[in-house]
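J.: So I've got this file, target16.txt, and it contains compact mmCIF, C-alpha atoms:
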```
# COMPACT_ATOMS: atom_id res chain seq x y z
CA MET A 1 -8.40 16.36 3.90
CA ALA A 2 -7.63 14.16 0.89
CA LYS A 3 -10.93 14.26 -0.93
CA MET A 4 -10.45 12.84 -4.40
CA ASN A 5 -12.40 13.79 -7.48
CA LYS A 6 -14.51 10.95 -8.91
CA LYS A 7 -12.76 11.27 -12.27
CA TRP A 8 -9.41 10.72 -10.59
CA VAL A 9 -10.77 7.72 -8.72
CA VAL A 10 -11.94 6.16 -11.99
CA LEU A 11 -8.68 7.03 -13.76
CA CYS A 12 -6.47 5.64 -10.99
CA SER A 13 -8.61 2.50 -10.73
CA ALA A 14 -8.33 1.95 -14.49
CA ALA A 15 -4.55 2.46 -14.39
CA LEU A 16 -4.18 -0.01 -11.54
CA GLY A 17 -6.42 -2.50 -13.31
CA ALA A 18 -4.29 -2.21 -16.45
CA ILE A 19 -1.02 -2.75 -14.53
CA TYR A 20 -2.52 -5.70 -12.68
CA ALA A 21 -3.87 -7.28 -15.88
CA ALA A 22 -0.51 -6.84 -17.65
CA GLU A 23 1.38 -8.49 -14.80
CA TYR A 24 -1.24 -11.22 -14.44
CA PHE A 25 -1.00 -12.28 -18.08
CA ALA A 26 2.78 -11.88 -18.12
CA THR A 27 3.01 -14.35 -15.24
CA GLU A 28 0.71 -16.85 -16.96
CA ALA A 29 3.79 -18.10 -18.79
CA GLN A 30 5.31 -18.74 -15.38
CA ALA A 31 2.11 -20.47 -14.37
CA LEU A 32 2.27 -23.07 -17.11
CA PRO A 33 5.30 -24.95 -15.74
CA HIS A 34 3.68 -24.91 -12.28
CA ASN A 35 0.45 -26.33 -13.61
CA SER A 36 2.02 -28.91 -15.88
CA GLU A 37 4.27 -30.04 -13.06
CA ARG A 38 1.31 -30.39 -10.73
CA SER A 39 -0.93 -32.19 -13.18
CA GLN A 40 1.84 -34.50 -14.29
CA LEU A 41 2.56 -35.43 -10.73
CA SER A 42 -1.01 -35.92 -9.71
CA ILE A 43 -1.57 -38.71 -12.21
CA PRO A 44 -0.02 -41.96 -11.06
CA SER A 45 1.46 -43.58 -14.09
CA GLU A 46 4.26 -45.81 -15.14
CA ALA A 47 6.16 -42.79 -16.36
CA SER A 48 6.63 -41.63 -12.80
CA SER A 49 8.88 -44.49 -11.93
CA PRO A 50 10.19 -45.05 -8.45
CA ILE A 51 13.63 -43.75 -7.73
CA ASN A 52 16.50 -45.37 -5.95
CA SER A 53 16.06 -44.86 -2.25
CA ALA A 54 19.80 -44.93 -1.71
CA ALA A 55 20.39 -41.99 -3.99
CA PRO A 56 21.78 -39.04 -2.03
CA THR A 57 19.80 -36.45 -3.96
CA LEU A 58 16.36 -36.83 -5.42
CA PRO A 59 15.71 -35.38 -8.85
CA PRO A 60 12.36 -33.74 -9.45
CA VAL A 61 9.87 -36.30 -10.64
CA ASN A 62 9.07 -34.58 -13.92
CA ASN A 63 12.77 -34.58 -14.77
CA VAL A 64 13.48 -38.18 -13.82
CA ALA A 65 15.93 -39.49 -16.34
CA PRO A 66 15.60 -43.07 -17.47
CA SER A 67 17.90 -44.92 -15.13
CA SER A 68 19.18 -48.41 -15.16
CA PRO A 69 16.67 -51.10 -14.28
CA ALA A 70 18.87 -52.35 -11.45
CA GLU A 71 18.60 -48.98 -9.77
CA SER A 72 15.08 -47.92 -10.40
CA ALA A 73 12.88 -50.81 -11.33
CA PRO A 74 10.36 -51.84 -8.72
CA THR A 75 11.19 -54.96 -6.87
CA PRO A 76 9.31 -57.86 -8.43
CA SER A 77 6.39 -58.36 -6.16
CA SER A 78 4.09 -61.20 -5.48
CA SER A 79 0.44 -60.78 -6.44
CA LYS A 80 -0.52 -60.43 -2.76
CA LYS A 81 1.62 -57.35 -2.33
CA MET A 82 -0.25 -54.07 -2.17
CA TYR A 83 2.72 -51.80 -2.97
CA ASN A 84 5.88 -52.13 -5.00
CA ASP A 85 9.10 -51.63 -3.08
CA GLY A 86 11.04 -48.45 -3.74
CA SER A 87 10.99 -44.70 -3.11
CA TYR A 88 8.23 -42.59 -4.53
CA ILE A 89 7.76 -38.87 -4.78
CA GLY A 90 4.41 -37.19 -4.27
CA ILE A 91 3.37 -33.57 -4.31
CA GLY A 92 0.46 -31.98 -2.51
CA SER A 93 -0.46 -28.43 -3.37
CA ASN A 94 -3.11 -25.84 -2.73
CA ARG A 95 -3.43 -22.07 -3.01
CA ARG A 96 -0.98 -21.62 -0.14
CA GLY A 97 1.91 -23.52 -1.72
CA SER A 98 3.08 -27.10 -2.09
CA ILE A 99 4.88 -29.88 -0.26
CA GLU A 100 6.90 -32.63 -1.88
CA VAL A 101 7.54 -35.85 0.01
CA THR A 102 9.61 -38.94 -0.69
CA VAL A 103 8.03 -42.12 0.64
CA THR A 104 10.06 -45.31 0.86
CA ILE A 105 8.21 -48.62 0.89
CA GLN A 106 9.62 -52.03 1.64
CA HIS A 107 7.59 -55.20 1.96
CA ASP A 108 4.30 -53.31 2.02
CA LYS A 109 5.51 -51.11 4.84
CA ILE A 110 6.24 -47.41 4.80
CA THR A 111 9.80 -47.36 6.10
CA ASP A 112 10.72 -43.73 5.51
CA VAL A 113 8.96 -40.45 4.80
CA GLU A 114 10.94 -37.36 4.02
CA ILE A 115 9.74 -33.86 3.21
CA SER A 116 12.00 -33.25 0.23
CA ARG A 117 10.65 -29.80 -0.60
CA PHE A 118 8.60 -27.44 1.51
CA ALA A 119 7.15 -24.53 -0.46
CA MET A 120 4.19 -23.46 1.62
CA HIS A 121 3.70 -19.84 2.63
CA TYR A 122 3.64 -21.01 6.24
CA SER A 123 6.29 -22.18 8.65
CA ASP A 124 7.67 -25.70 8.09
CA ARG A 125 7.47 -26.25 11.85
CA ASP A 126 3.79 -27.07 11.40
CA VAL A 127 4.54 -30.30 9.56
CA VAL A 128 7.90 -31.32 10.98
CA GLY A 129 6.42 -34.15 13.09
CA LEU A 130 4.10 -35.51 10.42
CA PRO A 131 6.55 -37.94 8.68
CA ASP A 132 6.96 -39.82 11.98
CA GLU A 133 3.19 -39.94 12.35
CA VAL A 134 2.86 -41.52 8.91
CA LEU A 135 5.43 -44.15 9.91
CA GLN A 136 3.55 -44.91 13.12
CA LYS A 137 0.10 -45.06 11.53
CA GLN A 138 1.28 -46.51 8.20
CA SER A 139 -1.23 -44.20 6.58
CA ALA A 140 -1.35 -40.88 4.79
CA GLN A 141 -4.03 -39.69 7.19
CA VAL A 142 -2.45 -37.77 10.04
CA ASP A 143 -3.94 -35.85 12.95
CA ASN A 144 -4.76 -32.30 12.03
CA VAL A 145 -2.37 -29.79 13.53
CA SER A 146 -4.63 -27.11 14.96
CA GLY A 147 -4.51 -23.99 12.82
CA ALA A 148 -2.27 -25.61 10.21
CA THR A 149 -4.92 -27.15 8.00
CA TYR A 150 -3.48 -26.06 4.65
CA SER A 151 -0.01 -27.43 5.34
CA VAL A 152 -1.41 -30.68 6.77
CA ARG A 153 -3.72 -31.16 3.78
CA ALA A 154 -0.86 -30.58 1.34
CA PHE A 155 1.29 -33.07 3.25
CA GLU A 156 -1.45 -35.72 3.29
CA ASP A 157 -2.10 -35.23 -0.43
CA ALA A 158 1.62 -35.58 -1.15
CA VAL A 159 1.91 -38.84 0.82
CA GLN A 160 -1.29 -40.16 -0.74
CA GLU A 161 0.01 -39.40 -4.20
CA ALA A 162 3.30 -41.17 -3.50
CA LEU A 163 1.36 -44.19 -2.20
CA SER A 164 -0.85 -44.17 -5.30
CA GLN A 165 2.22 -44.36 -7.46
CA ALA A 166 3.58 -47.22 -5.40
CA LYS A 167 0.37 -49.21 -5.63
CA ASN A 168 0.76 -52.58 -7.21
CA ALA A 169 -1.36 -52.69 -10.32
CA MET B 1 -23.15 8.90 20.48
CA LYS B 2 -26.57 7.95 19.15
CA PRO B 3 -26.72 4.61 17.30
CA LYS B 4 -27.93 6.27 14.08
CA ILE B 5 -25.08 8.77 14.09
CA TRP B 6 -22.56 6.07 15.01
CA ALA B 7 -23.75 3.84 12.16
CA LYS B 8 -22.89 6.64 9.73
CA SER B 9 -19.45 7.19 11.23
CA PRO B 10 -16.34 5.65 9.56
CA LYS B 11 -16.16 3.01 12.31
CA GLY B 12 -19.82 2.21 11.78
CA TYR B 13 -19.29 1.72 8.05
CA VAL B 14 -16.22 -0.47 8.54
CA LEU B 15 -17.91 -2.63 11.16
CA MET B 16 -20.99 -3.15 9.00
CA ILE B 17 -18.84 -4.23 6.06
CA MET B 18 -16.68 -6.51 8.20
CA VAL B 19 -19.77 -8.20 9.63
CA ALA B 20 -21.17 -8.58 6.10
CA PHE B 21 -17.89 -10.20 5.00
CA LEU B 22 -18.03 -12.50 8.02
CA GLY B 23 -21.55 -13.57 7.09
CA ILE B 24 -20.78 -14.08 3.39
CA ALA B 25 -17.56 -16.04 4.05
CA SER B 26 -19.29 -18.25 6.65
CA TYR B 27 -22.31 -18.88 4.42
CA VAL B 28 -20.33 -19.68 1.28
CA SER B 29 -17.84 -21.92 3.06
CA HIS B 30 -20.57 -23.60 5.15
CA GLU B 31 -18.29 -23.03 8.11
CA SER B 32 -19.69 -21.91 11.46
CA LYS B 33 -16.31 -22.07 13.17
CA GLY B 34 -15.48 -18.66 11.72
CA LEU B 35 -18.47 -17.12 13.51
CA GLU B 36 -17.41 -18.75 16.79
CA ASN B 37 -13.90 -17.36 16.32
CA ALA B 38 -15.33 -13.91 15.62
CA LEU B 39 -17.32 -13.99 18.85
CA ILE B 40 -14.26 -15.10 20.82
CA ALA B 41 -12.04 -12.46 19.20
CA VAL B 42 -14.55 -9.65 19.78
CA VAL B 43 -15.22 -10.58 23.42
CA ALA B 44 -11.49 -10.86 24.15
CA ALA B 45 -10.76 -7.53 22.42
CA VAL B 46 -13.60 -5.69 24.17
CA VAL B 47 -12.68 -7.03 27.61
CA ALA B 48 -9.00 -6.15 27.07
CA ASP B 49 -9.94 -2.67 25.84
CA ILE B 50 -12.24 -1.96 28.79
CA VAL B 51 -9.60 -3.15 31.27
CA CYS B 52 -6.96 -0.96 29.61
CA CYS B 53 -9.31 2.06 29.59
CA LEU B 54 -10.13 1.56 33.28
CA PHE B 55 -6.43 1.28 34.06
CA GLU B 56 -5.78 4.52 32.17
CA LYS B 57 -8.75 6.11 34.01
CA ARG B 58 -10.39 7.22 30.79
CA LYS B 59 -13.67 9.08 31.13
CA ARG B 60 -15.22 7.71 27.95
CA ILE B 61 -15.19 3.97 27.44
CA PHE B 62 -16.75 2.89 24.16
CA PRO B 63 -14.92 -0.12 22.71
CA ASP B 64 -16.20 0.11 19.12
CA GLY B 65 -12.64 0.11 17.80
CA ALA B 66 -11.97 -3.09 19.75
CA VAL B 67 -14.99 -4.76 18.12
CA ILE B 68 -13.61 -3.91 14.66
CA THR B 69 -10.15 -5.17 15.64
CA GLY B 70 -11.65 -8.44 16.92
CA VAL B 71 -13.66 -9.02 13.75
CA ILE B 72 -10.66 -8.29 11.51
CA VAL B 73 -8.48 -10.68 13.54
CA SER B 74 -11.08 -13.44 13.19
CA LEU B 75 -11.43 -12.85 9.44
CA ILE B 76 -7.70 -13.29 8.91
CA LEU B 77 -6.78 -16.12 11.29
CA SER B 78 -7.49 -19.60 9.97
CA VAL B 79 -10.91 -20.89 11.05
CA THR B 80 -9.19 -23.95 12.50
CA SER B 81 -7.17 -21.83 14.90
CA PRO B 82 -7.72 -22.85 18.53
CA TRP B 83 -9.83 -20.44 20.60
CA TYR B 84 -6.93 -19.42 22.84
CA ILE B 85 -4.85 -18.29 19.85
CA VAL B 86 -7.78 -16.26 18.52
CA ALA B 87 -8.36 -14.65 21.94
CA SER B 88 -4.65 -14.06 22.56
CA THR B 89 -4.17 -12.41 19.16
CA SER B 90 -7.08 -10.08 19.90
CA VAL B 91 -5.66 -9.20 23.31
CA LEU B 92 -2.20 -8.60 21.81
CA SER B 93 -3.75 -6.24 19.28
CA ILE B 94 -5.55 -4.23 21.95
CA LEU B 95 -2.50 -4.14 24.22
CA SER B 96 -0.43 -2.72 21.37
CA LYS B 97 -3.06 -0.02 20.89
CA HIS B 98 -2.70 1.11 24.50
CA LEU B 99 0.98 0.44 25.17
CA LEU B 100 2.52 1.56 21.87
CA ALA B 101 0.93 4.99 21.80
CA TYR B 102 2.19 8.51 21.12
CA ARG B 103 0.12 11.44 22.38
CA LYS B 104 -2.67 9.02 23.31
CA LYS B 105 -2.93 7.76 19.73
CA PRO B 106 -1.85 4.24 18.73
CA VAL B 107 1.37 4.19 16.74
CA PHE B 108 0.77 0.89 14.95
CA ASN B 109 -2.36 -0.57 13.44
CA PRO B 110 -3.63 -2.76 16.34
CA ALA B 111 -4.90 -5.69 14.26
CA ALA B 112 -1.76 -5.72 12.08
CA ILE B 113 0.65 -5.83 14.99
CA GLY B 114 -1.40 -8.45 16.85
CA LEU B 115 -1.54 -10.67 13.78
CA LEU B 116 2.16 -10.13 13.07
CA LEU B 117 3.16 -11.09 16.62
CA SER B 118 0.82 -14.09 16.61
CA VAL B 119 2.99 -15.79 13.98
CA PRO B 120 6.25 -16.08 15.98
CA ILE B 121 4.55 -16.33 19.39
CA PHE B 122 1.66 -18.74 18.69
CA HIS B 123 2.62 -20.12 15.26
CA ALA B 124 -0.78 -18.89 14.12
CA GLN B 125 -1.78 -19.70 10.55
CA GLN B 126 -3.52 -16.94 8.69
CA SER B 127 -5.78 -17.94 5.84
CA TRP B 128 -7.49 -14.57 5.16
CA TRP B 129 -10.68 -16.59 4.80
CA GLY B 130 -12.76 -13.46 5.41
CA ALA B 131 -11.15 -11.91 2.33
CA PHE B 132 -12.64 -14.82 0.34
CA GLY B 133 -9.20 -16.24 -0.45
CA ASP B 134 -10.57 -19.75 -0.97
CA PHE B 135 -13.45 -18.79 -3.22
CA ASN B 136 -13.92 -17.87 -6.84
CA ALA B 137 -11.94 -14.80 -7.99
CA LEU B 138 -15.26 -12.99 -8.59
CA PHE B 139 -15.54 -12.53 -4.84
CA LEU B 140 -12.80 -9.91 -5.22
CA LEU B 141 -15.55 -7.61 -6.47
CA ILE B 142 -17.20 -7.70 -3.06
CA ILE B 143 -13.95 -6.59 -1.43
CA LEU B 144 -13.56 -3.81 -3.98
CA VAL B 145 -17.11 -2.51 -3.61
CA GLY B 146 -16.98 -2.54 0.21
CA GLY B 147 -13.47 -1.16 0.25
CA TYR B 148 -14.18 1.70 -2.17
CA TRP B 149 -17.18 2.66 -0.08
CA VAL B 150 -14.99 2.90 3.04
CA ALA B 151 -12.10 4.64 1.26
CA HIS B 152 -14.52 7.22 -0.12
CA ARG B 153 -16.14 7.76 3.27
CA ILE B 154 -12.84 8.27 5.12
CA GLN B 155 -11.09 10.00 2.20
CA LYS B 156 -8.20 7.60 1.87
CA PHE B 157 -8.15 7.02 -1.88
CA PRO B 158 -4.66 8.57 -2.33
CA LEU B 159 -3.33 6.11 0.24
CA VAL B 160 -5.04 3.11 -1.34
CA PHE B 161 -3.98 4.00 -4.88
CA SER B 162 -0.39 4.86 -3.99
CA TYR B 163 -0.09 1.62 -2.04
CA LEU B 164 -1.53 -0.62 -4.75
CA GLY B 165 0.37 1.14 -7.53
CA ALA B 166 3.70 0.97 -5.71
CA TYR B 167 3.02 -2.62 -4.67
CA LEU B 168 2.37 -3.82 -8.23
CA ILE B 169 5.35 -1.92 -9.62
CA ALA B 170 7.67 -3.04 -6.80
CA MET B 171 6.63 -6.68 -7.28
CA PHE B 172 7.36 -6.41 -10.99
CA VAL B 173 10.68 -4.61 -10.55
CA ILE B 174 11.89 -7.13 -7.99
CA SER B 175 10.63 -10.19 -9.85
CA VAL B 176 12.30 -9.30 -13.16
CA GLY B 177 15.56 -8.70 -11.34
CA ILE B 178 15.91 -4.95 -11.91
CA VAL B 179 16.52 -4.85 -8.17
CA PRO B 180 18.44 -8.04 -7.35
CA ILE B 181 16.52 -9.36 -4.37
CA GLY B 182 16.18 -13.11 -4.50
CA SER B 183 14.32 -15.77 -2.61
CA GLU B 184 15.85 -19.13 -1.94
CA THR B 185 12.75 -21.22 -1.64
CA LEU B 186 10.47 -22.06 -4.50
CA HIS B 187 7.13 -20.27 -4.39
CA SER B 188 8.14 -18.06 -1.49
CA GLY B 189 8.14 -14.61 -2.94
CA ASP B 190 6.72 -15.63 -6.33
CA ILE B 191 5.01 -12.77 -8.13
CA PHE B 192 2.80 -15.49 -9.63
CA ASP B 193 1.32 -16.20 -6.22
CA ALA B 194 1.18 -12.54 -5.23
CA LEU B 195 -1.17 -11.72 -8.10
CA ARG B 196 -3.60 -14.54 -7.47
CA PRO B 197 -5.98 -15.64 -4.74
CA PRO B 198 -5.60 -15.84 -1.80
CA PHE B 199 -2.73 -13.32 -1.90
CA ILE B 200 -4.42 -10.71 -4.05
CA ASN B 201 -7.50 -10.99 -1.83
CA ALA B 202 -5.33 -10.40 1.21
CA THR B 203 -3.62 -7.44 -0.45
CA LEU B 204 -6.89 -5.74 -1.40
CA PHE B 205 -8.51 -6.39 1.97
CA PHE B 206 -5.39 -5.08 3.67
CA ALA B 207 -5.11 -1.98 1.47
CA LEU B 208 -8.77 -1.04 1.74
CA PHE B 209 -9.57 -1.86 5.36
CA MET B 210 -6.38 -2.05 7.41
CA LEU B 211 -4.00 0.41 5.80
CA THR B 212 -6.70 3.09 5.88
CA ASP B 213 -7.31 2.85 9.64
CA PRO B 214 -7.85 6.57 10.46
CA PRO B 215 -5.97 6.79 13.80
CA THR B 216 -2.80 5.19 12.40
CA SER B 217 -2.71 6.60 8.87
CA PRO B 218 -2.14 10.17 7.65
CA ALA B 219 -4.88 12.58 6.59
CA LYS B 220 -3.07 14.84 4.12
CA THR B 221 -2.79 13.75 0.49
CA ARG B 222 0.99 14.08 0.29
CA ASP B 223 1.50 12.10 3.49
CA GLN B 224 -0.95 9.43 2.35
CA ILE B 225 0.97 8.95 -0.90
CA ILE B 226 4.35 8.63 0.86
CA PHE B 227 2.86 6.38 3.53
CA GLY B 228 1.30 4.08 0.93
CA MET B 229 4.46 3.87 -1.15
CA LEU B 230 6.66 3.10 1.85
CA ALA B 231 4.31 0.37 3.08
CA ALA B 232 4.10 -1.17 -0.39
CA ILE B 233 7.82 -1.20 -1.13
CA ALA B 234 8.73 -2.56 2.30
CA GLY B 235 6.05 -5.24 1.99
CA ALA B 236 7.15 -6.27 -1.50
CA VAL B 237 10.79 -6.60 -0.41
CA VAL B 238 9.84 -8.70 2.62
CA TYR B 239 7.59 -10.88 0.45
CA ARG B 240 10.36 -11.45 -2.07
CA LEU B 241 12.92 -12.26 0.63
CA PHE B 242 10.88 -14.42 2.95
CA GLY B 243 7.53 -15.26 1.32
CA GLY B 244 4.94 -16.13 3.91
CA LEU B 245 1.97 -13.94 4.79
CA ILE B 246 3.40 -11.38 7.18
CA TYR B 247 4.87 -9.07 4.56
CA LEU B 248 1.75 -6.89 4.47
CA TYR B 249 1.94 -6.18 8.20
CA ILE B 250 5.65 -5.39 8.11
CA GLY B 251 5.03 -2.95 5.28
CA LEU B 252 2.31 -1.27 7.30
CA LEU B 253 4.51 -1.02 10.36
CA VAL B 254 7.13 0.77 8.25
CA GLY B 255 4.42 3.21 7.16
CA ASN B 256 3.28 3.63 10.76
CA LEU B 257 6.87 4.42 11.82
CA TYR B 258 7.07 7.06 9.09
CA GLN B 259 3.82 8.54 10.38
CA LEU B 260 5.20 8.55 13.94
CA LEU B 261 8.41 10.27 12.88
CA ARG B 262 6.45 12.88 10.94
CA GLY B 263 4.36 13.53 14.03
CA MET B 264 7.45 13.87 16.21
CA ILE B 265 9.42 16.07 13.84
CA ARG B 266 6.62 18.47 12.86
CA PRO B 267 6.14 20.07 16.32
CA GLN B 268 9.92 20.51 16.66
CA HIS B 269 10.08 22.01 13.18
CA ARG B 270 7.27 24.44 13.98
CA ALA B 271 8.93 25.39 17.26
CA ALA B 272 12.21 26.04 15.43
CA ILE B 273 10.42 28.32 12.96
CA ARG B 274 8.76 30.24 15.81
CA VAL B 275 12.13 30.70 17.55
CA SER B 276 13.79 31.93 14.35
CA GLU B 277 10.97 34.42 13.82
```
Translate this file's structure into structure tokens.

T.:
Amino acid sequence: MAKMNKKWVVLCSAALGAIYAAEYFATEAQALPHNSERSQLSIPSEASSPINSAAPTLPPVNNVAPSSPAESAPTPSSSKKMYNDGSYIGIGSNRRGSIEVTVTIQHDKITDVEISRFAMHYSDRDVVGLPDEVLQKQSAQVDNVSGATYSVRAFEDAVQEALSQAKNA
Amino acid sequence: MKPKIWAKSPKGYVLMIMVAFLGIASYVSHESKGLENALIAVVAAVVADIVCCLFEKRKRIFPDGAVITGVIVSLILSVTSPWYIVASTSVLSILSKHLLAYRKKPVFNPAAIGLLLSVPIFHAQQSWWGAFGDFNALFLLIILVGGYWVAHRIQKFPLVFSYLGAYLIAMFVISVGIVPIGSETLHSGDIFDALRPPFINATLFFALFMLTDPPTSPAKTRDQIIFGMLAAIAGAVVYRLFGGLIYLYIGLLVGNLYQLLRGMIRPQHRAAIRVSE
């Protein structure tokens, strides 16, 4: 049998702890862009301007280059309007990954929702029907998909964040 | 077997720790659904095990292993999983134990294969909530204390250490590009995620309680080390390529296959030696 001396157990545990700690701190540098991206995106601000909904590809929000006002400026809205027209990107994330959505709003109506990046550690099939549900309900709150809570929560957070950005101040 | 003797057996230890984890995770998360799922999983596993034993006309029917399998399944599946997915995953695990057997011993870890199959068949989401993946990182200490106790009791430290060592090194080697295995999707296969909760919780829980399952893991030190390294490297490659949460199980299945091949080759080897003598 593989009985192990206590000294060896302590030694191996210490070695593993050292390797783990080294890798953990080495990946902290990798963590910083993740965190800054997430925090930047979670704060609705004027800096995160809406993007042109007709654009074929959507640049990441934190890299949005200043574009021409004709393309990117929100449609002048009346004071009664709840949201500015345009396309907005939101990200929802948790410990199981993140989802990025692009929400298009016209005349206070959600006209399109697209999952522009799916980076959960689960299957994307869990959330494939949720954009249609948002369009039907005109709300970020969707029915929970049984057993897919983390993906659904990330999706809802992403849509909510996009809507927060679109909100007419 | 008398209850007192059973409680001191490896299965007794593992079950006590699993039940403790179930209680702690339910209490801290204020979630009773996990307890309901555990009851469903255990009942389904026990019923399936008894039916299989009756079908095989076994003389001794004592489904303690099925209870452990059921509790492990419930600790890993998301608490929001519907009851039929929890029950079906338990039944799949027990069926694999009886159907995929060599010399009346299961080839694959029952819980691992049930949970692996539940992903493509039922689209089951696995949160590893019973490994405290959603809590403070300090809860890792509970896993380590319980796991070390079990590993010491069943003498599987070489397996645990070789697995964790190879896993950490393989993750590093792959992530820095020494071995060019890439992942196309962001986050999937990130070493950043692999080293942090809930993934590190899952890895420790897996290494200490699932990998060390006595019927499906080797006893000798040398075999334990090879088994652990194979499982770790295969798991790290799958994680890097596909992300997700099934990489641990696939790694274990590779280790189980190695163990099966060793078991098949050894008798032939011995027979060949006898003939040559």

J.: Please tell me which residues are no farther than 10 Å from (4.3, -41.5, 11.7) in the file, counting only C-alpha atoms, and write them as a VMD selection string.

T.: chain A and resid 110 to 113 129 to 142

J.: For atom CA of Asp134 of chain B and atom CA of Ala158 of chain A, determine how far apart the two atoms are, in Å to one decimal place.

T.: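 Atom CA of Ala158 of chain A lies at a distance of 20.0 Å from atom CA of Asp134 of chain B.
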
J.: Where does chain A meet chain B within 10 Å, residue by residue, with the nearest atom pair and distance in Å to one decimal for each, counting all atoms listed in the file, listed by chain and rising number, as JSON lines?

T.:
```
{"residue": "A:Met1", "atom": "CA", "partner": "B:Lys220", "partner_atom": "CA", "distance": 5.5}
{"residue": "A:Ala2", "atom": "CA", "partner": "B:Thr221", "partner_atom": "CA", "distance": 4.9}
{"residue": "A:Lys3", "atom": "CA", "partner": "B:Gln155", "partner_atom": "CA", "distance": 5.3}
{"residue": "A:Met4", "atom": "CA", "partner": "B:Phe157", "partner_atom": "CA", "distance": 6.7}
{"residue": "A:Asn5", "atom": "CA", "partner": "B:Phe157", "partner_atom": "CA", "distance": 9.8}
{"residue": "A:Lys6", "atom": "CA", "partner": "B:His152", "partner_atom": "CA", "distance": 9.5}
{"residue": "A:Trp8", "atom": "CA", "partner": "B:Phe157", "partner_atom": "CA", "distance": 9.5}
{"residue": "A:Val9", "atom": "CA", "partner": "B:Phe157", "partner_atom": "CA", "distance": 7.4}
{"residue": "A:Cys12", "atom": "CA", "partner": "B:Phe161", "partner_atom": "CA", "distance": 6.8}
{"residue": "A:Ser13", "atom": "CA", "partner": "B:Phe161", "partner_atom": "CA", "distance": 7.6}
{"residue": "A:Ala15", "atom": "CA", "partner": "B:Gly165", "partner_atom": "CA", "distance": 8.5}
{"residue": "A:Leu16", "atom": "CA", "partner": "B:Gly165", "partner_atom": "CA", "distance": 6.2}
{"residue": "A:Gly17", "atom": "CA", "partner": "B:Gly165", "partner_atom": "CA", "distance": 9.6}
{"residue": "A:Ile19", "atom": "CA", "partner": "B:Leu168", "partner_atom": "CA", "distance": 7.2}
{"residue": "A:Tyr20", "atom": "CA", "partner": "B:Leu168", "partner_atom": "CA", "distance": 6.9}
{"residue": "A:Ala21", "atom": "CA", "partner": "B:Leu195", "partner_atom": "CA", "distance": 9.4}
{"residue": "A:Glu23", "atom": "CA", "partner": "B:Phe172", "partner_atom": "CA", "distance": 7.4}
{"residue": "A:Tyr24", "atom": "CA", "partner": "B:Leu195", "partner_atom": "CA", "distance": 6.4}
{"residue": "A:Phe25", "atom": "CA", "partner": "B:Phe192", "partner_atom": "CA", "distance": 9.8}
{"residue": "A:Ala26", "atom": "CA", "partner": "B:Phe192", "partner_atom": "CA", "distance": 9.2}
{"residue": "A:Thr27", "atom": "CA", "partner": "B:Phe192", "partner_atom": "CA", "distance": 5.7}
{"residue": "A:Glu28", "atom": "CA", "partner": "B:Phe192", "partner_atom": "CA", "distance": 7.7}
{"residue": "A:Ala29", "atom": "CA", "partner": "B:Phe192", "partner_atom": "CA", "distance": 9.6}
{"residue": "A:Gln30", "atom": "CA", "partner": "B:Phe192", "partner_atom": "CA", "distance": 7.1}
{"residue": "A:Ala31", "atom": "CA", "partner": "B:Phe192", "partner_atom": "CA", "distance": 6.9}
{"residue": "A:His34", "atom": "CA", "partner": "B:His187", "partner_atom": "CA", "distance": 9.8}
{"residue": "A:Asn94", "atom": "CA", "partner": "B:Asp134", "partner_atom": "CA", "distance": 9.8}
{"residue": "A:Arg95", "atom": "CA", "partner": "B:Pro198", "partner_atom": "CA", "distance": 6.7}
{"residue": "A:Arg96", "atom": "CA", "partner": "B:Pro198", "partner_atom": "CA", "distance": 7.6}
{"residue": "A:Gly97", "atom": "CA", "partner": "B:His187", "partner_atom": "CA", "distance": 6.7}
{"residue": "A:Ser98", "atom": "CA", "partner": "B:His187", "partner_atom": "CA", "distance": 8.3}
{"residue": "A:Arg117", "atom": "CA", "partner": "B:Leu186", "partner_atom": "CA", "distance": 8.7}
{"residue": "A:Phe118", "atom": "CA", "partner": "B:Thr185", "partner_atom": "CA", "distance": 8.1}
{"residue": "A:Ala119", "atom": "CA", "partner": "B:Leu186", "partner_atom": "CA", "distance": 5.8}
{"residue": "A:Met120", "atom": "CA", "partner": "B:Ser188", "partner_atom": "CA", "distance": 7.4}
{"residue": "A:His121", "atom": "CA", "partner": "B:Gly244", "partner_atom": "CA", "distance": 4.1}
{"residue": "A:Tyr122", "atom": "CA", "partner": "B:Gly244", "partner_atom": "CA", "distance": 5.6}
{"residue": "A:Ser123", "atom": "CA", "partner": "B:Gly244", "partner_atom": "CA", "distance": 7.8}
{"residue": "A:Arg125", "atom": "CA", "partner": "B:His123", "partner_atom": "CA", "distance": 8.5}
{"residue": "A:Asp126", "atom": "CA", "partner": "B:His123", "partner_atom": "CA", "distance": 8.0}
{"residue": "A:Asn144", "atom": "CA", "partner": "B:Thr80", "partner_atom": "CA", "distance": 9.5}
{"residue": "A:Val145", "atom": "CA", "partner": "B:Thr80", "partner_atom": "CA", "distance": 9.0}
{"residue": "A:Ser146", "atom": "CA", "partner": "B:Ser81", "partner_atom": "CA", "distance": 5.9}
{"residue": "A:Gly147", "atom": "CA", "partner": "B:Ser81", "partner_atom": "CA", "distance": 4.0}
{"residue": "A:Ala148", "atom": "CA", "partner": "B:Gln125", "partner_atom": "CA", "distance": 5.9}
{"residue": "A:Thr149", "atom": "CA", "partner": "B:Thr80", "partner_atom": "CA", "distance": 7.0}
{"residue": "A:Tyr150", "atom": "CA", "partner": "B:Ser127", "partner_atom": "CA", "distance": 8.5}
{"residue": "A:Ser151", "atom": "CA", "partner": "B:Gln125", "partner_atom": "CA", "distance": 9.5}
```
